[in-house]
$ cat structure10.txt   # compact mmCIF, C-alpha atoms and all ligand atoms
# COMPACT_ATOMS: atom_id res chain seq x y z
CA MET A 26 106.31 40.45 30.63
CA GLN A 27 104.39 37.33 29.52
CA THR A 28 105.71 34.04 30.84
CA ASP A 29 104.83 30.49 29.91
CA MET A 30 103.50 28.55 32.86
CA GLN A 31 102.74 25.35 31.03
CA THR A 32 103.74 23.00 33.82
CA THR A 33 102.48 25.18 36.67
CA ARG A 34 99.56 23.84 38.74
CA VAL A 35 97.42 26.54 40.36
CA LEU A 36 94.45 26.68 42.75
CA ILE A 37 92.50 29.96 42.97
CA THR A 38 89.72 30.61 45.50
CA GLY A 39 86.83 32.80 44.34
CA GLY A 40 87.42 32.09 40.65
CA THR A 41 84.00 32.94 39.22
CA SER A 42 83.93 36.76 39.48
CA GLY A 43 86.10 39.87 39.47
CA LEU A 44 89.80 39.33 40.13
CA GLY A 45 89.55 35.57 40.66
CA LEU A 46 87.87 35.08 37.27
CA ALA A 47 90.48 37.35 35.64
CA LEU A 48 93.22 35.22 37.22
CA VAL A 49 91.61 32.02 35.89
CA ARG A 50 91.64 33.63 32.40
CA GLU A 51 95.19 34.99 32.69
CA LEU A 52 96.79 31.84 34.09
CA THR A 53 95.01 29.38 31.76
CA GLY A 54 96.03 31.76 28.96
CA ARG A 55 99.67 31.32 30.02
CA GLY A 56 99.25 27.56 29.82
CA ALA A 57 98.92 26.78 33.55
CA SER A 58 96.69 23.96 34.80
CA VAL A 59 94.12 25.76 36.94
CA ALA A 60 91.58 24.64 39.52
CA PHE A 61 89.31 27.18 41.20
CA VAL A 62 86.74 27.28 43.99
CA ALA A 63 83.50 29.20 44.52
CA ARG A 64 80.18 28.56 46.27
CA THR A 65 77.69 28.95 43.39
CA ALA A 66 77.60 25.69 41.45
CA GLU A 67 76.08 27.11 38.24
CA ARG A 68 78.79 29.79 37.92
CA VAL A 69 81.51 27.24 38.70
CA ALA A 70 80.25 25.02 35.85
CA VAL A 71 80.12 27.93 33.36
CA VAL A 72 83.63 29.21 34.17
CA ALA A 73 85.09 25.69 34.10
CA ARG A 74 83.58 25.06 30.67
CA GLU A 75 84.55 28.44 29.18
CA HIS A 76 88.16 28.40 30.41
CA GLY A 77 89.13 24.74 30.47
CA ALA A 78 89.75 24.95 34.22
CA HIS A 79 88.73 22.52 36.97
CA GLY A 80 85.81 23.92 38.96
CA ILE A 81 85.31 22.99 42.61
CA VAL A 82 82.15 23.96 44.47
CA GLY A 83 83.08 24.87 48.02
CA ASP A 84 83.07 27.52 50.73
CA VAL A 85 86.44 28.51 52.18
CA ALA A 86 84.65 29.77 55.30
CA GLN A 87 83.41 26.24 56.08
CA LYS A 88 85.94 24.10 57.96
CA GLN A 89 84.40 20.88 56.62
CA ASP A 90 84.95 22.00 52.99
CA ILE A 91 88.70 22.64 53.27
CA HIS A 92 90.14 19.14 53.04
CA ARG A 93 87.75 18.21 50.22
CA ILE A 94 88.83 21.31 48.26
CA ALA A 95 92.52 20.53 48.87
CA LEU A 96 92.11 16.86 47.88
CA GLN A 97 90.08 17.64 44.75
CA ALA A 98 92.60 20.26 43.61
CA THR A 99 95.72 18.15 44.16
CA GLY A 100 93.98 15.07 42.75
CA VAL A 101 92.90 16.71 39.51
CA LEU A 102 96.13 18.71 39.06
CA GLY A 103 98.50 15.96 40.23
CA GLY A 104 99.99 18.21 42.94
CA LEU A 105 100.09 21.96 43.51
CA ASP A 106 102.68 24.68 42.83
CA VAL A 107 100.65 27.87 43.38
CA LEU A 108 97.76 28.72 45.73
CA VAL A 109 95.94 32.05 45.39
CA ASN A 110 93.72 32.88 48.38
CA ASN A 111 91.44 35.42 46.70
CA ALA A 112 87.88 34.73 47.95
CA SER A 113 86.85 37.35 50.46
CA ASP A 114 84.00 38.70 52.59
CA LEU A 115 83.43 42.47 52.79
CA GLY A 116 81.94 42.42 56.27
CA PRO A 117 78.55 44.06 56.82
CA THR A 118 77.06 45.93 53.87
CA PRO A 119 76.24 48.75 53.58
CA LEU A 120 79.63 49.21 55.24
CA ALA A 121 79.10 49.95 58.93
CA LEU A 122 80.92 51.72 61.74
CA LEU A 123 82.59 49.22 64.09
CA GLY A 124 80.21 50.24 66.86
CA ASP A 125 77.30 49.25 64.63
CA THR A 126 78.89 46.00 63.40
CA GLU A 127 77.29 42.77 64.56
CA CYS A 128 79.78 40.34 66.14
CA GLU A 129 78.58 37.65 63.70
CA ASP A 130 79.39 39.88 60.67
CA PHE A 131 82.87 40.62 62.06
CA GLU A 132 83.37 36.91 62.71
CA ARG A 133 82.33 35.99 59.14
CA ALA A 134 84.89 38.42 57.67
CA LEU A 135 87.63 36.89 59.84
CA VAL A 136 86.61 33.31 59.06
CA THR A 137 86.48 33.91 55.29
CA ASN A 138 89.46 36.25 54.94
CA VAL A 139 91.93 34.86 57.51
CA LEU A 140 90.91 31.48 58.92
CA GLY A 141 89.87 30.10 55.50
CA PRO A 142 93.22 30.96 53.87
CA PHE A 143 95.00 29.63 56.99
CA ARG A 144 93.16 26.30 56.85
CA LEU A 145 93.50 25.86 53.09
CA THR A 146 97.21 26.76 53.08
CA LYS A 147 97.82 24.40 56.00
CA ALA A 148 95.97 21.58 54.21
CA LEU A 149 98.10 22.14 51.10
CA LEU A 150 101.45 22.79 52.78
CA GLY A 151 102.74 19.25 52.17
CA SER A 152 101.93 19.43 48.44
CA LEU A 153 103.46 22.91 48.17
CA ALA A 154 106.64 21.83 49.97
CA ALA A 155 106.88 18.76 47.69
CA SER A 156 106.75 21.05 44.63
CA ALA A 157 109.54 23.17 46.10
CA ARG A 158 111.66 20.05 46.77
CA GLU A 159 111.14 18.91 43.18
CA GLY A 160 112.48 22.27 41.94
CA ARG A 161 109.12 23.34 40.49
CA GLY A 162 108.82 26.34 42.82
CA SER A 163 106.02 26.96 45.26
CA VAL A 164 104.06 30.16 45.86
CA VAL A 165 101.11 31.19 48.04
CA LEU A 166 99.63 34.54 47.02
CA ASN A 167 97.18 36.05 49.49
CA ILE A 168 95.09 38.89 48.10
CA SER A 169 95.28 41.87 50.43
CA SER A 170 93.93 45.43 50.24
CA ASP A 171 94.93 49.00 51.03
CA ALA A 172 92.33 48.64 53.82
CA ALA A 173 94.92 46.40 55.54
CA VAL A 174 97.18 49.42 56.14
CA ASN A 175 94.87 52.49 56.02
CA ALA A 176 92.32 53.13 58.77
CA TYR A 177 89.28 53.74 56.55
CA GLY A 178 86.12 54.42 58.55
CA ARG A 179 83.38 51.79 58.00
CA TRP A 180 85.91 49.23 56.69
CA GLY A 181 86.67 47.87 60.20
CA ALA A 182 85.79 44.16 59.88
CA TYR A 183 87.26 43.87 56.38
CA GLY A 184 90.34 46.02 57.14
CA ALA A 185 91.16 44.14 60.35
CA SER A 186 90.82 40.80 58.56
CA LYS A 187 93.06 41.89 55.67
CA ALA A 188 95.67 43.26 58.10
CA ALA A 189 95.66 39.92 59.91
CA LEU A 190 95.96 38.06 56.60
CA ALA A 191 98.93 40.20 55.52
CA HIS A 192 100.76 39.71 58.82
CA MET A 193 100.06 35.98 58.90
CA THR A 194 101.52 35.84 55.38
CA ARG A 195 104.76 37.59 56.44
CA ILE A 196 105.25 35.25 59.41
CA TRP A 197 104.46 32.12 57.42
CA ASN A 198 106.87 33.19 54.69
CA GLU A 199 109.67 33.43 57.28
CA GLU A 200 108.76 30.00 58.63
CA MET A 201 108.68 28.36 55.17
CA LEU A 202 111.87 29.94 53.79
CA ALA A 203 113.91 26.82 54.57
CA HIS A 204 111.34 24.66 52.74
CA GLY A 205 111.32 26.81 49.58
CA VAL A 206 107.63 27.78 49.84
CA LYS A 207 107.21 31.53 49.25
CA LEU A 208 104.21 33.38 50.66
CA LEU A 209 103.31 36.95 49.78
CA ALA A 210 100.33 39.27 50.21
CA LEU A 211 99.59 41.81 47.48
CA ASP A 212 97.01 44.59 47.12
CA PRO A 213 95.52 44.47 43.60
CA GLY A 214 94.28 48.09 43.77
CA ASP A 215 90.72 49.44 43.43
CA MET A 216 89.07 47.34 40.71
CA ASP A 217 85.78 47.47 38.85
CA THR A 218 84.22 44.30 40.32
CA PRO A 219 80.90 43.27 41.89
CA MET A 220 82.51 43.50 45.35
CA HIS A 221 83.61 47.08 44.76
CA ALA A 222 80.13 47.99 43.46
CA ILE A 223 78.57 46.69 46.70
CA ALA A 224 81.14 48.47 48.90
CA VAL A 225 81.15 51.82 47.06
CA PRO A 226 77.95 51.97 44.96
CA ASP A 227 78.49 55.60 43.86
CA ALA A 228 82.12 55.12 42.68
CA ASP A 229 83.08 56.44 39.24
CA ARG A 230 83.74 53.11 37.52
CA ALA A 231 85.88 54.82 34.87
CA THR A 232 88.52 55.54 37.55
CA LEU A 233 88.76 51.89 38.63
CA LYS A 234 91.33 49.36 37.45
CA GLN A 235 90.14 46.50 35.28
CA PRO A 236 90.54 43.11 37.05
CA SER A 237 92.30 41.83 33.91
CA ALA A 238 95.08 44.43 34.41
CA ALA A 239 95.49 43.41 38.06
CA ALA A 240 95.56 39.74 37.02
CA ILE A 241 98.49 40.38 34.63
CA GLU A 242 100.46 42.11 37.41
CA LEU A 243 99.75 39.31 39.89
CA ALA A 244 100.54 36.54 37.39
CA ASP A 245 103.89 38.28 36.69
CA ALA A 246 104.58 38.47 40.44
CA ILE A 247 103.91 34.72 40.76
CA ALA A 248 106.07 33.89 37.74
CA ASP A 249 108.92 35.97 39.22
CA LEU A 250 108.95 33.64 42.25
CA LEU A 251 109.00 30.41 40.24
CA PRO A 252 112.45 29.08 39.34
CA ALA A 253 113.86 30.64 36.17
CA ALA A 254 115.26 27.27 35.08
CA HIS A 255 111.75 25.83 35.15
CA THR A 256 110.39 28.66 32.97
CA VAL A 257 113.34 28.40 30.54
CA ALA A 258 112.84 24.63 30.21
CA VAL A 259 109.20 25.23 29.34
CA ARG A 260 110.17 27.89 26.78
CA ARG A 261 112.72 25.54 25.12
CA ALA A 262 110.19 22.72 24.97
CA SER A 263 107.55 24.90 23.27
N1 LIG A 301 87.51 45.00 44.10
C1 LIG A 301 88.42 45.77 44.66
O1 LIG A 301 88.48 46.98 44.41
C2 LIG A 301 89.43 45.18 45.60
C3 LIG A 301 90.41 46.02 46.15
C4 LIG A 301 91.38 45.47 46.99
C5 LIG A 301 91.35 44.11 47.27
N2 LIG A 301 90.38 43.32 46.72
C6 LIG A 301 90.42 41.89 47.01
O2 LIG A 301 90.45 41.19 45.78
C7 LIG A 301 89.84 39.90 45.95
C8 LIG A 301 88.79 39.67 44.90
O3 LIG A 301 87.76 40.65 45.05
P1 LIG A 301 86.68 40.91 43.90
O4 LIG A 301 86.35 42.34 43.98
O5 LIG A 301 87.15 40.30 42.64
O6 LIG A 301 85.43 40.06 44.49
P2 LIG A 301 84.08 39.53 43.78
O7 LIG A 301 83.90 40.10 42.42
O8 LIG A 301 83.01 39.72 44.79
O9 LIG A 301 84.36 37.94 43.61
C9 LIG A 301 84.46 37.14 44.74
C10 LIG A 301 84.63 35.68 44.31
O10 LIG A 301 84.85 34.90 45.48
C11 LIG A 301 83.84 33.88 45.58
N3 LIG A 301 83.61 33.70 47.02
C12 LIG A 301 83.16 34.60 47.91
N4 LIG A 301 83.10 34.07 49.14
C13 LIG A 301 83.55 32.80 49.02
C14 LIG A 301 83.74 31.73 49.94
N5 LIG A 301 83.41 31.87 51.23
N6 LIG A 301 84.23 30.55 49.48
C15 LIG A 301 84.55 30.39 48.17
N7 LIG A 301 84.39 31.37 47.26
C16 LIG A 301 83.89 32.55 47.67
C17 LIG A 301 82.65 34.42 44.78
O11 LIG A 301 81.80 33.41 44.25
P3 LIG A 301 80.57 32.82 45.15
O12 LIG A 301 79.85 33.99 45.71
O13 LIG A 301 79.77 32.00 44.18
O14 LIG A 301 81.21 31.96 46.19
C18 LIG A 301 83.42 35.08 43.63
O15 LIG A 301 83.86 34.11 42.71
C19 LIG A 301 89.31 39.87 47.40
O16 LIG A 301 90.26 39.27 48.24
C20 LIG A 301 89.19 41.35 47.74
O17 LIG A 301 89.26 41.56 49.13
C21 LIG A 301 89.41 43.81 45.91

$ encode --input "structure10.txt" --output "structure tokens"
Amino acid sequence: MQTDMQTTRVLITGGTSGLGLALVRELTGRGASVAFVARTAERVAVVAREHGAHGIVGDVAQKQDIHRIALQATGVLGGLDVLVNNASDLGPTPLALLGDTECEDFERALVTNVLGPFRLTKALLGSLAASAREGRGSVVLNISSDAAVNAYGRWGAYGASKAALAHMTRIWNEEMLAHGVKLLALDPGDMDTPMHAIAVPDADRATLKQPSAAAIELADAIADLLPAAHTVAVRRAS
């Protein structure tokens, strides 16, 4: 299924590599207005130029960056309908047993993978609820992992953070039902990305999913949660 998203306003964290970059490509390709965040300014500029998206340099693990990211995104997009919390920290690499994991490495995984999405979602909740009230639809997609449900040895910091992210997502979705903001956590599957190469250097890359394939599935999942009337209106207008 390919859906037009020509009036949809999207913010993606971690939009310069792997899945986040594939989502920038997929969603701009469907006509959405896209802003994205990453820490490396040069890569942000290149991706913004190549894909006609709005690049924001920022670190979702830094509390002081969150409100600036939220303000820049809503300012440039004129509001927000969809937030994708995709940026993530693997924890210590090479992946370590929990007993060998430094507290600071565990803390960084939690701050990037749970607290960052919590803070950014909270900062954008008013804009997202406004979109829902206006009948545009409102979706927060948090990128999870099979490590959130399977007890893989050496994936302790990352797995615990992704499990916390998934559960926070379920609770927040219940709390926001009455306001029309839908939150979901999805596992994109094992993908051929720089993060996967660092985590599993000897993986057979031919067996891994392409991030572009995962991006199509996730964009379809987002579109499914946006109001059909909105999508139809866009189709009629085009
Ligand atoms: N790859 C897989 O097989 C796999 C499997 C299951 C789930 N996932 C999940 O899929 C998502 C994407 O993973 P990926 O493999 O595509 O990762 P990736 O290739 O390493 O890309 C990560 C992106 O996030 C940005 N980023 C990292 N930390 C950031 C921070 N603190 N603030 C802002 N931006 C940050 C990076 O740019 P900068 O470094 O410049 O900031 C980059 O754009 C993650 O949530 C991951 O946990 C991946």

$ closest_residue --input "structure10.txt" --among "A:Thr118, A:Asn198, A:Thr137, A:Thr99" --to "Ala155 of chain A" --atoms "all atoms listed in the file"
A:Thr99

$ closest_atom_pairs --input "structure10.txt" --of "segment 65-134 of chain A" --to "segment 43-59 of chain A" --cutoff "12 Å" --atoms "all atoms listed in the file" --output "CSV"
residue,atom,partner,partner_atom,distance
A:Arg68,CA,A:Leu46,CA,10.5
A:Val69,CA,A:Leu46,CA,10.2
A:Val71,CA,A:Leu46,CA,11.2
A:Val72,CA,A:Leu46,CA,7.9
A:Ala73,CA,A:Val49,CA,9.3
A:Arg74,CA,A:Val49,CA,11.8
A:Glu75,CA,A:Arg50,CA,9.4
A:His76,CA,A:Arg50,CA,6.6
A:Gly77,CA,A:Thr53,CA,7.6
A:Ala78,CA,A:Val59,CA,5.2
A:His79,CA,A:Val59,CA,6.3
A:Gly80,CA,A:Val59,CA,8.7
A:Ile81,CA,A:Val59,CA,10.8
A:Gln97,CA,A:Val59,CA,12.0
A:Ala98,CA,A:Val59,CA,8.8
A:Thr99,CA,A:Val59,CA,10.6
A:Val101,CA,A:Ser58,CA,9.4
A:Leu102,CA,A:Ser58,CA,6.8
A:Gly103,CA,A:Ser58,CA,9.8
A:Gly104,CA,A:Ser58,CA,10.5
A:Leu105,CA,A:Ser58,CA,9.6
A:Asp106,CA,A:Ser58,CA,10.0
A:Val107,CA,A:Val59,CA,9.4
A:Leu108,CA,A:Val59,CA,10.0
A:Val109,CA,A:Gly45,CA,8.7
A:Asn110,CA,A:Gly45,CA,9.2
A:Asn111,CA,A:Gly45,CA,6.3
A:Ala112,CA,A:Gly45,CA,7.5
A:Ser113,CA,A:Gly45,CA,10.3

$ write_last_selection --input "structure10.txt" --atoms "C-alpha atoms" --output "PDB file, in the frame of the given file"
ATOM      1  CA  ARG A  68      78.790  29.790  37.920  1.00  0.00           C
ATOM      2  CA  VAL A  69      81.510  27.240  38.700  1.00  0.00           C
ATOM      3  CA  VAL A  71      80.120  27.930  33.360  1.00  0.00           C
ATOM      4  CA  VAL A  72      83.630  29.210  34.170  1.00  0.00           C
ATOM      5  CA  ALA A  73      85.090  25.690  34.100  1.00  0.00           C
ATOM      6  CA  ARG A  74      83.580  25.060  30.670  1.00  0.00           C
ATOM      7  CA  GLU A  75      84.550  28.440  29.180  1.00  0.00           C
ATOM      8  CA  HIS A  76      88.160  28.400  30.410  1.00  0.00           C
ATOM      9  CA  GLY A  77      89.130  24.740  30.470  1.00  0.00           C
ATOM     10  CA  ALA A  78      89.750  24.950  34.220  1.00  0.00           C
ATOM     11  CA  HIS A  79      88.730  22.520  36.970  1.00  0.00           C
ATOM     12  CA  GLY A  80      85.810  23.920  38.960  1.00  0.00           C
ATOM     13  CA  ILE A  81      85.310  22.990  42.610  1.00  0.00           C
ATOM     14  CA  GLN A  97      90.080  17.640  44.750  1.00  0.00           C
ATOM     15  CA  ALA A  98      92.600  20.260  43.610  1.00  0.00           C
ATOM     16  CA  THR A  99      95.720  18.150  44.160  1.00  0.00           C
ATOM     17  CA  VAL A 101      92.900  16.710  39.510  1.00  0.00           C
ATOM     18  CA  LEU A 102      96.130  18.710  39.060  1.00  0.00           C
ATOM     19  CA  GLY A 103      98.500  15.960  40.230  1.00  0.00           C
ATOM     20  CA  GLY A 104      99.990  18.210  42.940  1.00  0.00           C
ATOM     21  CA  LEU A 105     100.090  21.960  43.510  1.00  0.00           C
ATOM     22  CA  ASP A 106     102.680  24.680  42.830  1.00  0.00           C
ATOM     23  CA  VAL A 107     100.650  27.870  43.380  1.00  0.00           C
ATOM     24  CA  LEU A 108      97.760  28.720  45.730  1.00  0.00           C
ATOM     25  CA  VAL A 109      95.940  32.050  45.390  1.00  0.00           C
ATOM     26  CA  ASN A 110      93.720  32.880  48.380  1.00  0.00           C
ATOM     27  CA  ASN A 111      91.440  35.420  46.700  1.00  0.00           C
ATOM     28  CA  ALA A 112      87.880  34.730  47.950  1.00  0.00           C
ATOM     29  CA  SER A 113      86.850  37.350  50.460  1.00  0.00           C
TER      30      SER A 113
END

$ residues_near_point --input "structure10.txt" --point "(91.9, 41.5, 42.4)" --cutoff "12 Å" --atoms "all atoms listed in the file" --output "JSON list (two decimals) with C-alpha atoms, in the coordinates of the input"
[["chain", "number", "residue", "atom", "x", "y", "z"],
["A", 37, "ILE", "CA", 92.50, 29.96, 42.97],
["A", 38, "THR", "CA", 89.72, 30.61, 45.50],
["A", 39, "GLY", "CA", 86.83, 32.80, 44.34],
["A", 40, "GLY", "CA", 87.42, 32.09, 40.65],
["A", 42, "SER", "CA", 83.93, 36.76, 39.48],
["A", 43, "GLY", "CA", 86.10, 39.87, 39.47],
["A", 44, "LEU", "CA", 89.80, 39.33, 40.13],
["A", 45, "GLY", "CA", 89.55, 35.57, 40.66],
["A", 46, "LEU", "CA", 87.87, 35.08, 37.27],
["A", 47, "ALA", "CA", 90.48, 37.35, 35.64],
["A", 48, "LEU", "CA", 93.22, 35.22, 37.22],
["A", 49, "VAL", "CA", 91.61, 32.02, 35.89],
["A", 109, "VAL", "CA", 95.94, 32.05, 45.39],
["A", 110, "ASN", "CA", 93.72, 32.88, 48.38],
["A", 111, "ASN", "CA", 91.44, 35.42, 46.70],
["A", 112, "ALA", "CA", 87.88, 34.73, 47.95],
["A", 113, "SER", "CA", 86.85, 37.35, 50.46],
["A", 166, "LEU", "CA", 99.63, 34.54, 47.02],
["A", 167, "ASN", "CA", 97.18, 36.05, 49.49],
["A", 168, "ILE", "CA", 95.09, 38.89, 48.10],
["A", 169, "SER", "CA", 95.28, 41.87, 50.43],
["A", 170, "SER", "CA", 93.93, 45.43, 50.24],
["A", 171, "ASP", "CA", 94.93, 49.00, 51.03],
["A", 210, "ALA", "CA", 100.33, 39.27, 50.21],
["A", 211, "LEU", "CA", 99.59, 41.81, 47.48],
["A", 212, "ASP", "CA", 97.01, 44.59, 47.12],
["A", 213, "PRO", "CA", 95.52, 44.47, 43.60],
["A", 214, "GLY", "CA", 94.28, 48.09, 43.77],
["A", 215, "ASP", "CA", 90.72, 49.44, 43.43],
["A", 216, "MET", "CA", 89.07, 47.34, 40.71],
["A", 217, "ASP", "CA", 85.78, 47.47, 38.85],
["A", 218, "THR", "CA", 84.22, 44.30, 40.32],
["A", 219, "PRO", "CA", 80.90, 43.27, 41.89],
["A", 220, "MET", "CA", 82.51, 43.50, 45.35],
["A", 221, "HIS", "CA", 83.61, 47.08, 44.76],
["A", 233, "LEU", "CA", 88.76, 51.89, 38.63],
["A", 234, "LYS", "CA", 91.33, 49.36, 37.45],
["A", 235, "GLN", "CA", 90.14, 46.50, 35.28],
["A", 236, "PRO", "CA", 90.54, 43.11, 37.05],
["A", 237, "SER", "CA", 92.30, 41.83, 33.91],
["A", 238, "ALA", "CA", 95.08, 44.43, 34.41],
["A", 239, "ALA", "CA", 95.49, 43.41, 38.06],
["A", 240, "ALA", "CA", 95.56, 39.74, 37.02],
["A", 241, "ILE", "CA", 98.49, 40.38, 34.63],
["A", 242, "GLU", "CA", 100.46, 42.11, 37.41],
["A", 243, "LEU", "CA", 99.75, 39.31, 39.89],
["A", 244, "ALA", "CA", 100.54, 36.54, 37.39]]

$ atom_distance --input "structure10.txt" --atom1 "atom C15 of ligand LIG 301 (chain A)" --atom2 "atom CA of Ile223 of chain A"
17.4 Å

$ closest_residue --input "structure10.txt" --among "A:Gly83, A:Gly205, A:Gly160, A:Gly124" --to "Leu145 of chain A" --atoms "all atoms listed in the file"
A:Gly83

$ axis_aligned_box --input "structure10.txt" --around "ligand LIG 301 (chain A)" --padding-each-side "5 Å" --output "lines of an AutoDock Vina configuration file"
center_x = 85.6
center_y = 38.7
center_z = 46.8
size_x = 21.6
size_y = 26.6
size_z = 18.8

$ closest_residue --input "structure10.txt" --among "A:Ala231, A:Ala248, A:Ala121, A:Ala173" --to "ligand LIG 301 (chain A)" --atoms "all atoms listed in the file"
A:Ala173

$ closest_residue --input "structure10.txt" --among "A:Leu120, A:Arg93, A:Arg195, A:Leu250" --to "Ala222 of chain A" --atoms "all atoms listed in the file"
A:Leu120

$ residues_around --input "structure10.txt" --residues "segment 127-134 of chain A" --least-positions-apart "5" --cutoff "8 Å" --atoms "all atoms listed in the file" --output "ChimeraX atom specification"
/A:86,113-117,139,182-183,186

$ closest_residue --input "structure10.txt" --among "A:Leu150, A:Val164, A:Met30, A:Ala224" --to "ligand LIG 301 (chain A)" --atoms "only C-alpha atoms and all ligand atoms"
A:Ala224

$ atom_distance --input "structure10.txt" --atom1 "atom CA of Glu199 of chain A" --atom2 "atom CA of Gly141 of chain A"
20.2 Å

$ atom_distance --input "structure10.txt" --atom1 "atom CA of Ala191 of chain A" --atom2 "atom O11 of ligand LIG 301 (chain A)"
21.6 Å

$ closest_residue --input "structure10.txt" --among "A:Lys88, A:Arg34, A:Arg64, A:Arg161" --to "ligand LIG 301 (chain A)" --atoms "only C-alpha atoms and all ligand atoms"
A:Arg64

$ residues_near_point --input "structure10.txt" --point "(105.5, 21.1, 49.6)" --cutoff "9 Å" --atoms "all atoms listed in the file" --output "number ranges by chain"
A: 105-106, 149-159, 163, 204-206
